[in-house]
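Structure below is protein.tsv: TSV, C-alpha atoms.
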```tsv
chain	number	residue	atom	x	y	z
A	3	MET	CA	-4.89	57.35	16.27
A	4	SER	CA	-7.58	59.52	17.88
A	5	GLY	CA	-7.95	56.80	20.51
A	6	PHE	CA	-4.25	57.11	21.23
A	7	LEU	CA	-4.42	60.89	21.42
A	8	SER	CA	-7.43	60.85	23.74
A	9	MET	CA	-5.58	58.51	26.18
A	10	GLY	CA	-8.83	56.93	27.28
A	11	GLY	CA	-10.11	60.27	28.54
A	12	TYR	CA	-6.92	61.15	30.37
A	13	ALA	CA	-5.41	63.25	27.57
A	14	SER	CA	-5.49	66.43	29.67
A	15	SER	CA	-3.26	64.79	32.27
A	16	VAL	CA	-1.01	62.47	30.25
A	17	TRP	CA	0.05	64.82	27.44
A	18	PRO	CA	0.92	67.84	29.61
A	19	ALA	CA	2.97	65.51	31.86
A	20	VAL	CA	4.86	64.09	28.87
A	21	ALA	CA	5.34	67.54	27.31
A	22	LEU	CA	6.57	69.03	30.58
A	23	THR	CA	9.09	66.25	31.17
A	24	PHE	CA	10.48	66.50	27.66
A	25	GLY	CA	10.57	70.27	27.92
A	26	ILE	CA	12.67	69.91	31.07
A	27	ILE	CA	14.94	67.35	29.38
A	28	ALA	CA	15.46	69.69	26.40
A	29	TRP	CA	16.12	72.66	28.66
A	30	ASN	CA	18.65	70.65	30.69
A	31	ILE	CA	20.56	69.71	27.55
A	32	VAL	CA	20.66	73.36	26.44
A	33	ALA	CA	21.56	74.62	29.93
A	34	ALA	CA	24.38	72.10	30.43
A	35	ARG	CA	25.94	72.96	27.07
A	36	ARG	CA	25.57	76.68	27.73
A	37	SER	CA	27.17	76.35	31.15
A	38	PHE	CA	30.19	74.56	29.67
A	39	ALA	CA	30.43	76.97	26.73
A	40	ALA	CA	30.33	79.95	29.10
A	41	ALA	CA	33.14	78.51	31.23
A	42	ARG	CA	35.24	77.84	28.14
A	43	ALA	CA	34.58	81.31	26.72
A	44	GLU	CA	35.60	82.90	30.00
A	45	ALA	CA	38.81	80.87	30.16
A	46	ARG	CA	39.58	81.85	26.58
A	47	ARG	CA	39.01	85.53	27.37
A	48	ARG	CA	41.33	85.39	30.35
A	49	ILE	CA	44.05	83.68	28.38
A	50	ALA	CA	43.71	86.15	25.50
A	51	ALA	CA	43.94	89.03	27.97
A	52	GLY	CA	47.04	87.44	29.49
A	53	ASP	CA	45.36	87.40	32.89
A	54	PRO	CA	46.16	84.18	34.69
A	55	SER	CA	44.04	84.95	37.79
B	5	MET	CA	46.05	48.87	48.14
B	6	ASP	CA	46.83	50.77	45.01
B	7	TRP	CA	45.23	54.20	45.13
B	8	THR	CA	46.67	55.65	41.92
B	9	TRP	CA	43.31	55.38	40.17
B	10	PHE	CA	41.79	57.56	42.89
B	11	HIS	CA	44.44	60.24	42.46
B	12	ARG	CA	44.20	60.08	38.70
B	13	PHE	CA	40.44	60.50	38.94
B	14	GLY	CA	41.05	63.47	41.22
B	15	SER	CA	43.28	65.14	38.66
B	16	PRO	CA	41.30	67.94	36.97
B	17	PRO	CA	42.84	67.64	33.47
B	18	HIS	CA	42.31	63.90	33.52
B	19	LEU	CA	38.65	64.15	34.49
B	20	TYR	CA	38.12	67.04	32.06
B	21	GLY	CA	39.35	64.94	29.15
B	22	LEU	CA	37.69	61.74	30.30
B	23	ALA	CA	34.32	63.47	30.77
B	24	GLY	CA	34.51	64.94	27.29
B	25	ARG	CA	35.21	61.55	25.75
B	26	LEU	CA	32.45	59.83	27.72
B	27	VAL	CA	29.57	62.21	26.99
B	28	PRO	CA	28.48	60.71	23.64
B	29	TRP	CA	28.68	57.20	25.10
B	30	PHE	CA	26.00	58.16	27.60
B	31	ALA	CA	24.01	60.69	25.60
B	32	TRP	CA	23.14	58.57	22.56
B	33	PRO	CA	22.13	55.43	24.46
B	34	ALA	CA	20.09	57.72	26.73
B	35	ALA	CA	18.23	59.15	23.74
B	36	LEU	CA	17.60	55.67	22.38
B	37	ALA	CA	16.40	54.25	25.69
B	38	ILE	CA	14.11	57.20	26.42
B	39	ALA	CA	12.58	57.03	22.93
B	40	ALA	CA	12.07	53.26	23.21
B	41	GLY	CA	10.73	53.50	26.76
B	42	LEU	CA	8.29	56.21	25.83
B	43	TYR	CA	7.00	54.27	22.84
B	44	GLY	CA	6.65	51.16	24.98
B	45	GLY	CA	4.94	53.06	27.76
B	46	LEU	CA	2.52	55.13	25.74
B	47	VAL	CA	1.77	52.67	22.92
B	48	LEU	CA	2.68	49.07	23.72
B	49	ALA	CA	1.88	48.75	27.44
B	50	PRO	CA	-1.71	47.71	28.19
B	51	PRO	CA	-3.99	50.16	30.04
B	52	ASP	CA	-4.24	49.74	33.82
B	53	TYR	CA	-7.33	47.91	35.07
B	54	GLN	CA	-8.15	50.73	37.51
B	55	GLN	CA	-6.56	53.85	36.05
B	56	GLY	CA	-6.99	53.12	32.34
B	57	ASP	CA	-4.55	55.12	30.25
B	58	GLY	CA	-4.08	57.63	33.05
B	59	PHE	CA	-1.41	55.43	34.64
B	60	ARG	CA	0.89	56.12	31.68
B	61	ILE	CA	2.08	59.25	33.48
B	62	ILE	CA	4.23	56.80	35.46
B	63	TYR	CA	6.58	56.57	32.45
B	64	VAL	CA	7.66	60.17	32.93
B	65	HIS	CA	6.87	60.64	36.61
B	66	ALA	CA	8.75	57.74	38.20
B	67	PRO	CA	11.98	58.18	36.16
B	68	SER	CA	11.99	61.92	36.97
B	69	ALA	CA	11.57	61.18	40.68
B	70	TRP	CA	14.32	58.54	40.45
B	71	LEU	CA	16.65	61.04	38.77
B	72	SER	CA	15.87	63.68	41.42
B	73	LEU	CA	16.95	61.29	44.20
B	74	MET	CA	19.92	59.85	42.32
B	75	ALA	CA	21.26	63.35	41.57
B	76	TYR	CA	20.99	64.30	45.25
B	77	THR	CA	22.77	61.14	46.38
B	78	TRP	CA	25.60	61.74	43.89
B	79	MET	CA	25.78	65.35	44.96
B	80	ALA	CA	26.02	64.45	48.65
B	81	VAL	CA	28.64	61.72	48.08
B	82	ALA	CA	30.73	64.03	45.86
B	83	ALA	CA	30.38	66.85	48.41
B	84	ALA	CA	31.49	64.54	51.23
B	85	ILE	CA	34.53	63.42	49.22
B	86	GLY	CA	35.28	67.07	48.50
B	87	LEU	CA	35.10	67.93	52.19
B	88	VAL	CA	37.15	65.00	53.45
B	89	TRP	CA	39.88	64.86	50.79
B	90	ARG	CA	39.66	68.50	49.69
B	91	MET	CA	39.27	67.32	46.14
B	92	LYS	CA	38.48	70.09	43.70
B	93	VAL	CA	36.92	67.78	41.12
B	94	ALA	CA	34.58	66.31	43.74
B	95	HIS	CA	33.24	69.78	44.51
B	96	ALA	CA	32.94	70.40	40.77
B	97	MET	CA	30.93	67.19	40.50
B	98	ALA	CA	28.63	68.14	43.37
B	99	ALA	CA	27.99	71.58	41.91
B	100	SER	CA	27.15	69.97	38.54
B	101	CYS	CA	24.47	67.72	40.04
B	102	ALA	CA	22.41	70.43	41.71
B	103	PRO	CA	20.74	72.22	38.78
B	104	ILE	CA	19.93	68.93	37.05
B	105	GLY	CA	18.47	67.45	40.22
B	106	ALA	CA	16.43	70.57	40.91
B	107	TRP	CA	14.87	70.52	37.44
B	108	PHE	CA	13.91	66.87	37.65
B	109	THR	CA	12.45	67.40	41.12
B	110	VAL	CA	10.22	70.00	39.46
B	111	ALA	CA	9.37	67.43	36.78
B	112	ALA	CA	8.51	64.79	39.39
B	113	LEU	CA	6.36	67.20	41.39
B	114	CYS	CA	4.48	68.63	38.39
B	115	THR	CA	3.85	65.30	36.66
B	116	GLY	CA	2.73	63.95	40.03
B	117	MET	CA	0.26	66.80	40.38
B	118	LEU	CA	-1.08	66.12	36.88
B	119	TRP	CA	-1.50	62.48	37.90
B	120	GLY	CA	-3.03	63.34	41.27
B	121	LYS	CA	-5.82	65.46	39.86
B	122	PRO	CA	-7.72	62.69	38.03
B	123	MET	CA	-6.81	59.87	40.45
B	124	TRP	CA	-6.98	61.53	43.88
B	125	GLY	CA	-9.22	64.45	42.92
B	126	THR	CA	-6.60	67.01	43.86
B	127	TYR	CA	-3.32	68.38	42.55
B	128	TRP	CA	-1.69	68.53	45.94
B	129	VAL	CA	-2.03	67.09	49.43
B	130	TRP	CA	0.40	67.54	52.32
B	131	ASP	CA	1.22	63.88	52.19
B	132	PRO	CA	4.56	62.55	53.53
B	133	ARG	CA	5.88	61.53	50.09
B	134	LEU	CA	4.82	64.73	48.36
B	135	THR	CA	6.06	66.92	51.21
B	136	ALA	CA	9.44	65.16	51.36
B	137	GLU	CA	9.90	65.60	47.59
B	138	LEU	CA	9.06	69.29	47.99
B	139	VAL	CA	11.68	69.50	50.76
B	140	LEU	CA	14.12	67.95	48.25
B	141	LEU	CA	13.42	70.84	45.88
B	142	PHE	CA	14.06	73.34	48.69
B	143	LEU	CA	17.34	71.58	49.51
B	144	TYR	CA	18.45	71.92	45.89
B	145	LEU	CA	17.39	75.56	45.78
B	146	GLY	CA	19.09	76.23	49.12
B	147	TYR	CA	22.28	74.61	47.80
B	148	LEU	CA	22.20	76.67	44.60
B	149	GLY	CA	21.31	79.85	46.50
B	150	LEU	CA	24.10	79.34	48.99
B	151	ARG	CA	26.64	78.81	46.20
B	152	SER	CA	25.63	81.96	44.36
B	153	ALA	CA	25.63	83.99	47.59
B	154	ILE	CA	29.28	83.23	48.42
B	155	GLU	CA	31.75	84.89	46.12
B	156	ASP	CA	34.91	82.97	47.01
B	157	PRO	CA	34.61	79.68	45.07
B	158	GLN	CA	36.44	77.58	47.67
B	159	ARG	CA	34.27	78.82	50.51
B	160	ALA	CA	31.17	78.34	48.36
B	161	ASP	CA	32.27	74.77	47.67
B	162	ARG	CA	32.78	73.95	51.33
B	163	ALA	CA	29.67	75.66	52.71
B	164	SER	CA	27.37	74.18	50.08
B	165	ALA	CA	28.96	70.76	50.56
B	166	VAL	CA	27.99	70.81	54.24
B	167	LEU	CA	24.40	71.60	53.27
B	168	ALA	CA	24.40	68.80	50.66
B	169	VAL	CA	25.72	66.25	53.15
B	170	VAL	CA	23.29	67.22	55.92
B	171	GLY	CA	20.35	67.24	53.52
B	172	VAL	CA	21.00	63.70	52.32
B	173	VAL	CA	18.94	62.51	55.30
B	174	ASN	CA	15.92	63.53	53.22
B	175	VAL	CA	16.66	60.96	50.50
B	176	PRO	CA	15.63	57.87	52.51
B	177	ILE	CA	12.70	59.87	53.87
B	178	VAL	CA	11.41	60.39	50.32
B	179	ARG	CA	12.11	56.78	49.45
B	180	TYR	CA	10.52	55.14	52.50
B	181	SER	CA	7.81	57.73	53.24
B	182	VAL	CA	5.17	55.56	51.61
B	183	GLU	CA	6.10	52.66	53.90
B	184	TRP	CA	6.75	54.50	57.17
B	185	TRP	CA	3.61	56.62	57.11
B	186	ASN	CA	0.12	56.25	55.92
B	187	SER	CA	0.45	57.85	52.52
B	188	ILE	CA	-2.04	58.57	49.77
B	189	HIS	CA	0.82	57.95	47.34
B	190	GLN	CA	0.96	54.40	46.07
B	191	ALA	CA	3.63	52.07	47.41
B	192	PRO	CA	6.66	51.30	45.25
B	193	SER	CA	5.99	48.73	42.57
B	194	VAL	CA	9.52	48.45	41.13
B	195	MET	CA	12.18	49.83	43.48
B	196	LYS	CA	11.68	47.33	46.25
B	197	PHE	CA	12.84	43.96	47.45
B	198	GLY	CA	11.16	40.92	45.98
B	199	LYS	CA	9.15	40.69	42.85
B	200	PRO	CA	7.78	43.89	41.26
B	201	THR	CA	4.02	44.26	41.72
B	202	ILE	CA	3.54	45.37	38.14
B	203	SER	CA	3.17	43.14	35.12
B	204	TRP	CA	6.04	42.67	32.65
B	205	PRO	CA	4.46	44.44	29.64
B	206	MET	CA	4.03	47.51	31.87
B	207	LEU	CA	7.32	47.11	33.70
B	208	THR	CA	9.68	46.67	30.74
B	209	PRO	CA	9.18	50.17	29.27
B	210	LEU	CA	9.48	51.62	32.78
B	211	LEU	CA	12.81	49.87	33.37
B	212	ILE	CA	14.04	51.13	29.99
B	213	MET	CA	13.03	54.64	31.05
B	214	PHE	CA	14.96	54.28	34.31
B	215	VAL	CA	18.05	53.27	32.35
B	216	GLY	CA	17.51	56.14	29.91
B	217	PHE	CA	17.13	58.76	32.65
B	218	THR	CA	20.19	57.43	34.48
B	219	LEU	CA	22.28	57.72	31.31
B	220	LEU	CA	20.81	61.15	30.61
B	221	PHE	CA	21.82	62.29	34.08
B	222	LEU	CA	25.37	61.00	33.59
B	223	ALA	CA	25.67	62.73	30.21
B	224	LEU	CA	24.36	66.03	31.61
B	225	VAL	CA	26.59	65.90	34.67
B	226	LEU	CA	29.67	65.15	32.55
B	227	VAL	CA	29.01	68.16	30.32
B	228	ARG	CA	28.50	70.39	33.34
B	229	VAL	CA	31.47	69.08	35.30
B	230	ARG	CA	33.85	70.12	32.52
B	231	GLY	CA	32.66	73.71	32.88
B	232	GLU	CA	32.92	73.54	36.68
B	233	ILE	CA	36.48	72.19	36.41
B	234	LEU	CA	37.47	75.06	34.08
B	235	ARG	CA	36.03	77.58	36.56
B	236	ARG	CA	38.10	76.10	39.39
B	237	GLU	CA	41.28	75.65	37.38
B	238	ARG	CA	41.57	79.07	35.78
B	239	GLN	CA	45.19	79.47	36.93
B	240	ALA	CA	46.38	76.05	35.79
B	241	ARG	CA	48.63	75.81	32.79
B	242	TRP	CA	46.79	72.81	31.34
B	243	VAL	CA	43.69	74.98	30.86
B	244	SER	CA	45.47	77.31	28.43
B	245	GLU	CA	46.82	74.28	26.57
B	246	VAL	CA	43.38	72.71	26.31
B	247	ILE	CA	41.63	75.94	25.38
B	248	ALA	CA	44.21	76.91	22.76
B	249	ALA	CA	44.00	73.47	21.15
```
Please render this file's structure as structure tokens.
Amino acid sequence: MSGFLSMGGYASSVWPAVALTFGIIAWNIVAARRSFAAARAEARRRIAAGDPS
Amino acid sequence: MDWTWFHRFGSPPHLYGLAGRLVPWFAWPAALAIAAGLYGGLVLAPPDYQQGDGFRIIYVHAPSAWLSLMAYTWMAVAAAIGLVWRMKVAHAMAASCAPIGAWFTVAALCTGMLWGKPMWGTYWVWDPRLTAELVLLFLYLGYLGLRSAIEDPQRADRASAVLAVVGVVNVPIVRYSVEWWNSIHQAPSVMKFGKPTISWPMLTPLLIMFVGFTLLFLALVLVRVRGEILRRERQARWVSEVIAA
């Protein structure tokens, strides 16, 4: 296990690269859902206000 | 030729519903493939004979770079369709690609820097491949900046579409930079004609990662395109029906 974590001496390159990529994946999932939710919330607000523009 | 499929695809309510139904079909296989690819790449694949375990960065670096180019190509094609046929959903699609592509360009650049440090002795060199990928990031940022600078959505769609189409010339430059110029970056070992120059136990997890990132991109773009369609269709009656439901 410690051999796996040390990545043959390249731990300081491999793990930050993996962490960064997965951080960006996670952020993209959150951001995409937020963007859709914001558009839906805005449409709902307009409809509730009776404003078709 | 029967073009009804094209018109149906161009219908905002149709694409809105279709995208919503398709998301889980891309998202869950993407999660599976990325998990399997990562396990294969970090655990099962043998260490490289020159780079040891350091080469394993390829399993996040190459798929990110692939996604960054794929997203740009999609964006440019969608933008061109939007310009030529004045299709609202095509512009919505193009606008959905940009933020995803920009983020994965950042991922490709940063993971590349982390790989460059131990192998080349430096985080960054003004090498053709690296420079062209950086230009890709600037194209994405320019596209997003242009969109947010123009208030009228239709004008923003058209102006940014022109930028997206012109900038697509950079995609083959990124792709072929390592062959056209003398580059410090290694030549392609998978995305090329002929047999891959990488052994199967190393290649299989990488291919699974490519599939996973492609599916991830499709899932993300489908979620985003629904929001972009709603923003462009605020006056349409179907929106109030869908939202009320």
Using only C-alpha atoms, what does the table of range 97-120 of chain B residues within 10 Å of range 8-23 of chain A look like, with each row giving the shortest atom pair and its distance in Å to one decimal, sorted by chain and ascending number, as CSV?
```
residue,atom,partner,partner_atom,distance
B:Trp107,CA,A:Thr23,CA,9.5
B:Phe108,CA,A:Thr23,CA,8.1
B:Val110,CA,A:Thr23,CA,9.2
B:Ala111,CA,A:Thr23,CA,5.7
B:Ala112,CA,A:Thr23,CA,8.4
B:Cys114,CA,A:Ala19,CA,7.4
B:Thr115,CA,A:Ala19,CA,4.9
B:Gly116,CA,A:Ala19,CA,8.3
B:Met117,CA,A:Ala19,CA,9.0
B:Leu118,CA,A:Ser15,CA,5.3
B:Trp119,CA,A:Ser15,CA,6.3
B:Gly120,CA,A:Ser15,CA,9.1
```
- Give me, as a VMD selection string, the contact residues of chain B against chain A at a cut-off of 8 Å, counting only C-alpha atoms. chain B and resid 47 56 to 58 60 to 61 64 to 65 68 104 107 to 108 111 114 to 115 118 to 119 122 224 to 225 227 to 232 234 to 235 238 to 239 243 to 244 247 to 248
- Query: How far is it from CA of Ala153 in chain B to CA of Ile233 in chain B, in Å with one decimal?
  - Reply: 19.5 Å
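Shortest separation to Val172 in chain B among B:Ala160, B:Met79, B:Leu42, B:Leu148 occurs at residue B:Met79, atoms counted being all atoms listed in the file.
A straight line drawn from CA of Lys121 in chain B to CA of Val173 in chain B is 29.3 Å long.
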- Task: Calculate how many Å separate CA of Val139 in chain B from CA of Ile177 in chain B, rounding to one decimal.
- Result: 10.2 Å
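Of the residues listed (B:Val194, B:Ala99, B:Thr77, B:Leu46), B:Leu46 shows the shortest atom-to-atom separation from Gly5 in chain A; distances use all atoms listed in the file.
The closest residue to Phe217 in chain B, picked from B:Leu26, B:Leu145, B:Met74, B:Leu19 and counting only C-alpha atoms, is B:Met74.
All residues that come within 10 Å of the coordinates (33.2, 66.1, 48.5), counting only C-alpha atoms, are given as B:Trp78, B:Met79, B:Ala80, B:Val81, B:Ala82, B:Ala83, B:Ala84, B:Ile85, B:Gly86, B:Leu87, B:Val88, B:Trp89, B:Arg90, B:Met91, B:Lys92, B:Val93, B:Ala94, B:His95, B:Ala96, B:Met97, B:Ala98, B:Asp161, B:Arg162, B:Ala165, B:Val166, B:Ala168, B:Val169.
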